[in-house]
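Structure record follows, encoded as structure tokens.
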Amino acid sequence: MAKKIAVLPGDGIGKEVTAGALQILQAVGERFGRQFEFSYGKIGGEAYDATGSPLPEETVSLCKESDAVLLGAVGGPKWDQLPVHLRPEQGLLKIRKELNLFANLRPTTFYKSLADSSPLRPEVIEDVDMLMVRELTGGLYFGKPSERLNRNGKEAAVDTLFYQREEMERVIETAFKLARKRKKKVTSVDKANVLESSRMWREVAEEIAKKFPDVELQHMLVDNAAMQLIKNPKQFDVIVTENMFGDILSDEASVLTGSLGMLPSASLSLTGPYLYEPIHGSAPDIQGKNIANPIAMILSAAMMLRLSFGLEDEAKAVENAVNHVLNAGYRTKDLVSSDAKIITTTEMVEKIKAALLDHELSLSI
Ligand code: IPM
Ligand code: MG
């Protein structure tokens with residue numbers, strides 16, 4: 001049976017990198033005899049222009065009827081002046097909520113070929129292999145009230161950090177399950193020396209840990225975690241944290257091994273469909289120039305093959321093809337390197353596709 005994929009390219013370079021990922025999925029289909037059926041939906045600024053909403057109802061239904069969702073990126077200066085509830089980013093937050101995508105997985109992998117693109121010394125980042133698990137549907141992003149206030153004639157504002165116990169349990173449990181298949185260590189990041197929600201988070205982490213005696217649990221305060229990520233990133237396996245801390249730390253983690261343009265993500269729910277998107281944004285400054293790095297999006301498609309469809313060989317083949325092209329010295333412009341061969345977005349896609357279709361190559365690397 002064909003796998004139904006909802007494709008939401010969004011704005012800016014979202015469209016360019018999505019087109020690239022779809023070509024790679026088509027090549028996977030060709031090579032492994034798989035069928036993927038793509039249905040397009042609108043989200044973000046493009047959706048606002050067409051329908052007046054950053055997440056039209058038909059996009060939500062399309063996603064709910066699909067086996068998986070592939071999303072490019074949203075946003076751009078054109079929509080910056082809109083009232084908050086109509087901004088492109090709201091489309092993204094709403095689809096996460098609508099699909100109940102509570103666990104956002106952001107892996108950081110070391111690529112030998114990209115070691116010199118990192119701002120950190122090679123010996124610090126060598127063999128870094130960590131997975132950030134960010135809570136995605138709670139905390140400050142969604143807590144109410146979130147508004148401007150007038151307190152005794154003085155202007156003020158409030159946002160609310162709210163979590164229910166179950167919301168903590170399910171994401172922390174997800175982190176433990178993932179750690180079990182990796183290096184068996186979970187670092188739970190919080191601010192328990194200040195925040196009540198963090199003290200509860202810590203308590204819940206301790207409870208969940210009892211169900212996973214084979215996995216080590218470590219607690220770390222978020223400010224220290226920000227420092228440790230730069231100082232000694234190799235100590236981490238799985239990091240689990242609440243929404244806002246995860247947003248900040250995952251951008252930090254993304255520069256360790258090269259470029260934001262390299263990092264994929266997967267967002268999981270209890271029931272599916274899952275959503276896959278690159279970590280980077282819509283990059284309006286480079287839109288339409290054919291220079292965006294399509295690799296984060298292509299690796300997001302690989303995560304989809306693995307996590308939504310159980311197609312491990314296919315996912316590996318895509319990852320190997322990406323590695324092969326990087327090892328051969330090809331780079332998009334974001335990946336600075338002394339002797340790089342700089343190529344365009346479409347050329348990068350072509351090269352990865354060629355490597356993927358080369359049987360000998362993609363399984364042997
Ligand atoms: C991310 C982004 C989003 C977030 C924005 C665009 C709302 O930064 O996916 O990390 O804060 O979650
Ligand atoms: Mg972010």
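Identifiers in the structure tokens: chain A, B, ... in order shown; residue index from 1 per chain; ligand index from 1 in order shown.
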Query raised in the report: Using only C-alpha atoms and all ligand atoms, which protein or nucleic acid residues are at most 10 Å from ligand 1, as a count of residues only?
Result: 34
Report task. For segment 305-321 of chain A, work out the shell of residues within 10 Å, counting only C-alpha atoms and skipping chain neighbours fewer than 6 positions away, then give it as a PyMOL selection string. Result -> chain A and resi 3+24-25+27-29+31-32+34+67-69+266+268+272-276+295+298-299+327+351-359+361-365
Query raised in the report: Near Ala226 of chain A, counting only C-alpha atoms, which residues have an atom at most 8 Å away, once you skip same-chain residues fewer than 4 positions from it, shown as a ChimeraX atom specification?
Result: /A:222,230,249,252
Requested in this report: Can you work out the spacing between atom CA of Tyr330 of chain A and atom CA of Glu16 of chain A in Å, to one decimal?
Outcome: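 Computed distance, atom CA of Tyr330 of chain A to atom CA of Glu16 of chain A, equals 18.4 Å.
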Query - Test item: residues at most 12 Å from segment 49-52 of chain A, only C-alpha atoms, excluding those fewer than 5 positions along its chain, as a PyMOL selection string - result: chain A and resi 10-11+41-44+57-59+75+78-79+82-83+85-88+91
